[in-house]
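Trainee: So that we are looking at the same thing, I have put the structure below in structure tokens.
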Amino acid sequence: MSPPARCPATPVKDRPWRRIAVAVLALLFLNGMLSFRDWWPTPGILPDHRLAPEFVLLWLALLAAVARRGHLSPRTLSLFALGYLLLVLGRYADVTVHSLFGRPINLYWDGVQIPRFLWVSAQELAWWQSTAVLAAVGLLFWVLFCSLRRAIAVSARDAVPFALRTPWVWAITLASVLLVSANLAGVRATWPIVAKPVLPTYWRQAQLLATAFSPQRQASLLPASTAIDAALAAAPGTVLGALGGRDVYLIMLESLGAVVYDDARADSALRAGRERFAADIAAGGRQVVSAFFRSPTFAGGSDLTHLGLLSGMDLSDPMRHDVLLTTQRPTLNTLFRAHGYQTFGLYPALDWEWPERAFYGFDVFLARRDLGYAGPAMGFWQVPDQFSAARFEQLHPRSNGAPPRFVFFPTITCHLPFSPVPPYQPDWARVLGAQPFDAAEVRRAQAEQPNWLNMFPDFLRMVAYTYQWLGAYLRQPSPREAIYLLIGDHQPAANITGEAASWDVPVHIVSSDGELLDRFIAQGFQPGLEPPRQALGPLHTLTGMMLQAFSAVGHRPPPSLPLAQGRP
């Protein structure tokens, strides 16, 4: 039996300047392996100049080990390299999973999904191809391990002894420790200088897995019951009785935050669009009431808002969100399905496998690929929201014979970087075709480049587009009535809102049933599209307010289900 492959020995350099140069390169390599960034939206990575916290930790460990023993034994050197390799792999997963899947890494779901993906992929390869891929991956890991081991050996042999006897190197080391400490303490000024640490990611995943498989830890983190639990335990026929069988659409408006009202420039620029939006709602035979709520997130992390609303839980702590996904706790999908509704998840932003949707439990789930968009790509997210809404209604028409529906629709077009702004197509039948827009409109839109230094104008144009397509959508005739909850998911980034902006988002309830809307008014909503400025509370409390308004208790049902007749 042949001995295992060994890493090549580190050659000894005789010339001092060459040894110092090689040692500096080794240190830069070690830091770079923990500071690289994603090459969005690919699995690739790009080098970054920032200081990696775990590299500083390694440097301190090398200083201590060499000062104590004078050198590193081969076993110690291998242990250092193995630990650093795990950190590199953690860094890669942290940056690429977020780039590819739009969320942080989650071992509970990814730990199952990745092996399944690899197994399915292997079925399409010949045995020798699968063997070659495995050998290539193994070779890559071995080369990376040996490279790290050699770099650490060179650093311990040449850089550390020099540092131990050189005061100015101690000053640099102290400055690095202070920068990393400030970064871990949350000092934002260090973000351009210090990379995101990897160890907290490992620690968080360990906590997540420990909580996911511990009922006691789950109980300590999640509330014992929610408004949905109470609704499921209520007497039959009372919970959703005020709806009268109406469809319910929860449309999450991406990045639509309170800044569109609070900023005088935004309010002025968007006022005409809001007035037209209000006119469209009225032309559709409906009314609207509005209020502000406080989002659990700011500038990103839409999943916290989505699941918080669906579950009725405060998910401002991302750990609570991740742990909830590992449970079987009920959501609005559970409740509406129990009362005869068909549940839909319309996610035009998703173009990848999303294992977490198993928790959501939609009866029908549509991602971008399921919509079959044949028109020109519009920006990073490709599919305009107008098309997504039209295509959904085409694929699942609201015929009188179909069961009532609960639709959860997170929009995506109004997302950073807010450019290019898609053209609005007044002909909703044409938007479903291969040429949804005039050629000149497409050229003009696709010629727009994101203005990363000043996104504010493009943000305003994108919000105006949202008001326009959404208003026209609500004007269209429908064979049966629905209630629409239009909910901002979070504020846009601080480069649009300014510093110290609130986390508030507008919520608009649209319905033709005035008595139903009165129930929301009694809870603090205000008629029209202008919400009272004081937020009514955290956004997850809207779930309980909604169920209270939908309850049959104290509500006189209409003599017949109101239809949207005579609408233009």
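Residue names in the structure tokens use chain letters A, B, ... in the order shown, residue numbers from 1 in each chain, and ligand numbers from 1 in the order shown.
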Got a sec to tell me which of segment 233-476 of chain A DSSP assigns to helix (DSSP H, G or I), as a ChimeraX atom specification?

Mentor: /A:241-243,259-262,264-283,302-311,318-324,332-338,357-360,368-371,379-381,385-395,430-432,439-446,456-475

Trainee: Using only C-alpha atoms, determine which residues lie at most 10 Å from Leu148 of chain A, disregarding the query and same-chain residues fewer than 5 positions distant; provide the list as a list in words.

Mentor: Ala26, Phe29, Leu30, Met33, Leu77, Ser78, Phe80, Ala81, Leu82, Gly83, Tyr84, Leu85, Val88, Trp142, Val143, Ala153 and Val154 of chain A

Trainee: Using atom CA of Tyr484 of chain A and atom CA of Arg329 of chain A as the two end points, give the distance in Å to one decimal.

Mentor: 24.9 Å

Trainee: Which of these residues is nearest to Val66 of chain A, using only C-alpha atoms: A:Phe162, A:Phe359, A:Tyr347, A:Phe277?

Mentor: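 Nearest candidate to Val66 of chain A out of A:Phe162, A:Phe359, A:Tyr347, A:Phe277: A:Phe162.
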
Trainee: Compile a residue-level contact table for segment 144-257 of chain A against segment 401-413 of chain A at a cut-off of 6 Å, reporting for every qualifying residue the shortest atom pair and its distance in Å to one decimal, with only C-alpha atoms counted, rows ordered by chain and ascending number, as CSV.

Mentor:
```
residue,atom,partner,partner_atom,distance
A:Asp247,CA,A:Arg405,CA,4.9
A:Val248,CA,A:Phe406,CA,4.9
A:Tyr249,CA,A:Val407,CA,4.7
A:Leu250,CA,A:Phe408,CA,4.9
A:Ile251,CA,A:Phe409,CA,4.7
A:Met252,CA,A:Pro410,CA,4.5
A:Leu253,CA,A:Thr411,CA,5.6
A:Glu254,CA,A:Thr411,CA,5.7
```

Trainee: Find the residues around Ile172 of chain A up to 12 Å (only C-alpha atoms counted), leave out those fewer than 5 positions away in its own chain, and share them as a VMD selection string.

Mentor: chain A and resid 56 59 to 60 163 166 to 167 177 to 179

Trainee: Could you tell me which of A:Phe293, A:Leu485, A:Pro527, A:Phe336 comes closest to Gly241 of chain A if we count only C-alpha atoms?

Mentor: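 Among the listed residues, the smallest separation from Gly241 of chain A belongs to A:Phe336.
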
Trainee: Pick out the closest residue to Thr305 of chain A from this set: A:Asn454, A:Thr238, A:Gln216, A:Gln491. Count only C-alpha atoms.

Mentor: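 Among the listed residues, A:Gln491 lies closest to Thr305 of chain A.
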
Trainee: Identify, on the basis of only C-alpha atoms, every residue whose closest approach to Ser302 of chain A does not exceed 12 Å; exclude the query and any residue fewer than 6 positions from it along the same chain; express the result as an NGL selection string.

Mentor: :A and (102-103 or 252-256 or 295-296 or 308-309 or 315-316 or 318 or 321 or 349 or 410-412 or 415 or 487-492)

Trainee: Counting only C-alpha atoms, what is within 12 Å of Asp322 of chain A, bar same-chain residues fewer than 3 positions away, as a ChimeraX atom specification?

Mentor: /A:103-109,204-205,207-212,218,221-222,303-304,307-308,315-319,325-327,356,359

Trainee: Store the residues of this selection in a file with N, CA and C atoms, as a JSON list (two decimals), in the first residue's frame.

Mentor:
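Saved the output as part.json:
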```
[["chain", "number", "residue", "atom", "x", "y", "z"],
["A", 103, "ARG", "N", -29.69, 34.97, -0.08],
["A", 103, "ARG", "CA", -29.85, 34.87, 1.37],
["A", 103, "ARG", "C", -28.56, 34.31, 1.95],
["A", 104, "PRO", "N", -28.36, 34.45, 3.27],
["A", 104, "PRO", "CA", -27.17, 33.86, 3.88],
["A", 104, "PRO", "C", -27.22, 32.33, 3.83],
["A", 105, "ILE", "N", -26.08, 31.72, 4.04],
["A", 105, "ILE", "CA", -26.03, 30.26, 4.08],
["A", 105, "ILE", "C", -26.87, 29.74, 5.24],
["A", 106, "ASN", "N", -27.49, 28.59, 5.01],
["A", 106, "ASN", "CA", -28.35, 27.98, 6.02],
["A", 106, "ASN", "C", -28.11, 26.47, 5.97],
["A", 107, "LEU", "N", -27.31, 25.97, 6.92],
["A", 107, "LEU", "CA", -26.92, 24.56, 6.87],
["A", 107, "LEU", "C", -28.11, 23.61, 7.00],
["A", 108, "TYR", "N", -29.18, 24.07, 7.67],
["A", 108, "TYR", "CA", -30.33, 23.17, 7.84],
["A", 108, "TYR", "C", -30.91, 22.80, 6.49],
["A", 109, "TRP", "N", -31.01, 23.79, 5.59],
["A", 109, "TRP", "CA", -31.57, 23.54, 4.28],
["A", 109, "TRP", "C", -30.50, 23.20, 3.26],
["A", 204, "ARG", "N", -23.05, 30.73, 14.18],
["A", 204, "ARG", "CA", -24.49, 30.89, 13.96],
["A", 204, "ARG", "C", -25.11, 29.60, 13.42],
["A", 205, "GLN", "N", -24.41, 28.93, 12.51],
["A", 205, "GLN", "CA", -24.92, 27.67, 11.98],
["A", 205, "GLN", "C", -24.98, 26.60, 13.06],
["A", 207, "GLN", "N", -25.48, 27.19, 16.24],
["A", 207, "GLN", "CA", -26.65, 27.53, 17.05],
["A", 207, "GLN", "C", -27.94, 27.13, 16.36],
["A", 208, "LEU", "N", -28.00, 27.39, 15.05],
["A", 208, "LEU", "CA", -29.21, 27.06, 14.29],
["A", 208, "LEU", "C", -29.49, 25.56, 14.35],
["A", 209, "LEU", "N", -28.49, 24.74, 14.09],
["A", 209, "LEU", "CA", -28.70, 23.30, 14.09],
["A", 209, "LEU", "C", -29.05, 22.80, 15.49],
["A", 210, "ALA", "N", -28.39, 23.36, 16.51],
["A", 210, "ALA", "CA", -28.70, 22.95, 17.88],
["A", 210, "ALA", "C", -30.13, 23.29, 18.24],
["A", 211, "THR", "N", -30.61, 24.44, 17.80],
["A", 211, "THR", "CA", -31.98, 24.85, 18.11],
["A", 211, "THR", "C", -32.98, 24.08, 17.28],
["A", 212, "ALA", "N", -32.65, 23.82, 16.02],
["A", 212, "ALA", "CA", -33.58, 23.11, 15.14],
["A", 212, "ALA", "C", -33.93, 21.73, 15.66],
["A", 218, "GLN", "N", -36.24, 25.67, 20.80],
["A", 218, "GLN", "CA", -37.24, 26.28, 19.93],
["A", 218, "GLN", "C", -38.28, 27.02, 20.76],
["A", 221, "LEU", "N", -37.20, 30.35, 21.95],
["A", 221, "LEU", "CA", -36.94, 31.37, 20.94],
["A", 221, "LEU", "C", -38.21, 31.84, 20.24],
["A", 222, "LEU", "N", -39.16, 30.93, 20.03],
["A", 222, "LEU", "CA", -40.39, 31.26, 19.31],
["A", 222, "LEU", "C", -41.55, 31.43, 20.27],
["A", 303, "ASP", "N", -37.07, 38.34, 3.26],
["A", 303, "ASP", "CA", -37.65, 37.12, 3.81],
["A", 303, "ASP", "C", -38.13, 37.32, 5.24],
["A", 304, "LEU", "N", -37.46, 38.19, 6.00],
["A", 304, "LEU", "CA", -37.89, 38.45, 7.38],
["A", 304, "LEU", "C", -39.28, 39.07, 7.38],
["A", 307, "LEU", "N", -42.00, 36.19, 5.82],
["A", 307, "LEU", "CA", -42.39, 35.12, 6.74],
["A", 307, "LEU", "C", -42.97, 35.68, 8.04],
["A", 308, "GLY", "N", -42.51, 36.86, 8.45],
["A", 308, "GLY", "CA", -43.10, 37.48, 9.64],
["A", 308, "GLY", "C", -44.58, 37.74, 9.45],
["A", 315, "LEU", "N", -39.94, 38.64, 13.46],
["A", 315, "LEU", "CA", -38.72, 38.00, 12.95],
["A", 315, "LEU", "C", -37.62, 39.02, 12.73],
["A", 316, "SER", "N", -37.61, 40.06, 13.54],
["A", 316, "SER", "CA", -36.53, 41.03, 13.45],
["A", 316, "SER", "C", -35.18, 40.40, 13.82],
["A", 317, "ASP", "N", -35.21, 39.29, 14.55],
["A", 317, "ASP", "CA", -34.01, 38.51, 14.82],
["A", 317, "ASP", "C", -33.91, 37.44, 13.73],
["A", 318, "PRO", "N", -32.92, 37.52, 12.82],
["A", 318, "PRO", "CA", -32.82, 36.54, 11.74],
["A", 318, "PRO", "C", -32.72, 35.09, 12.23],
["A", 319, "MET", "N", -32.16, 34.89, 13.42],
["A", 319, "MET", "CA", -32.09, 33.52, 13.94],
["A", 319, "MET", "C", -33.49, 32.96, 14.17],
["A", 325, "LEU", "N", -38.21, 28.23, 10.20],
["A", 325, "LEU", "CA", -38.25, 27.43, 8.99],
["A", 325, "LEU", "C", -38.01, 25.95, 9.25],
["A", 326, "THR", "N", -37.45, 25.61, 10.39],
["A", 326, "THR", "CA", -37.18, 24.20, 10.70],
["A", 326, "THR", "C", -38.35, 23.54, 11.44],
["A", 327, "THR", "N", -39.40, 24.30, 11.72],
["A", 327, "THR", "CA", -40.53, 23.78, 12.48],
["A", 327, "THR", "C", -41.71, 23.48, 11.56],
["A", 356, "GLU", "N", -36.42, 26.01, 1.00],
["A", 356, "GLU", "CA", -37.22, 26.48, 2.13],
["A", 356, "GLU", "C", -38.72, 26.58, 1.81],
["A", 359, "PHE", "N", -41.40, 24.64, 3.69],
["A", 359, "PHE", "CA", -42.05, 25.12, 4.91],
["A", 359, "PHE", "C", -43.29, 25.93, 4.58]]
```

Trainee: Env of segment 258-263 of chain A: 6 Å cut, atoms = only C-alpha atoms, seq-sep filter 2 positions within chain, self excluded. Answer as a PyMOL selection string.

Mentor: chain A and resi 265-267+497+504-505
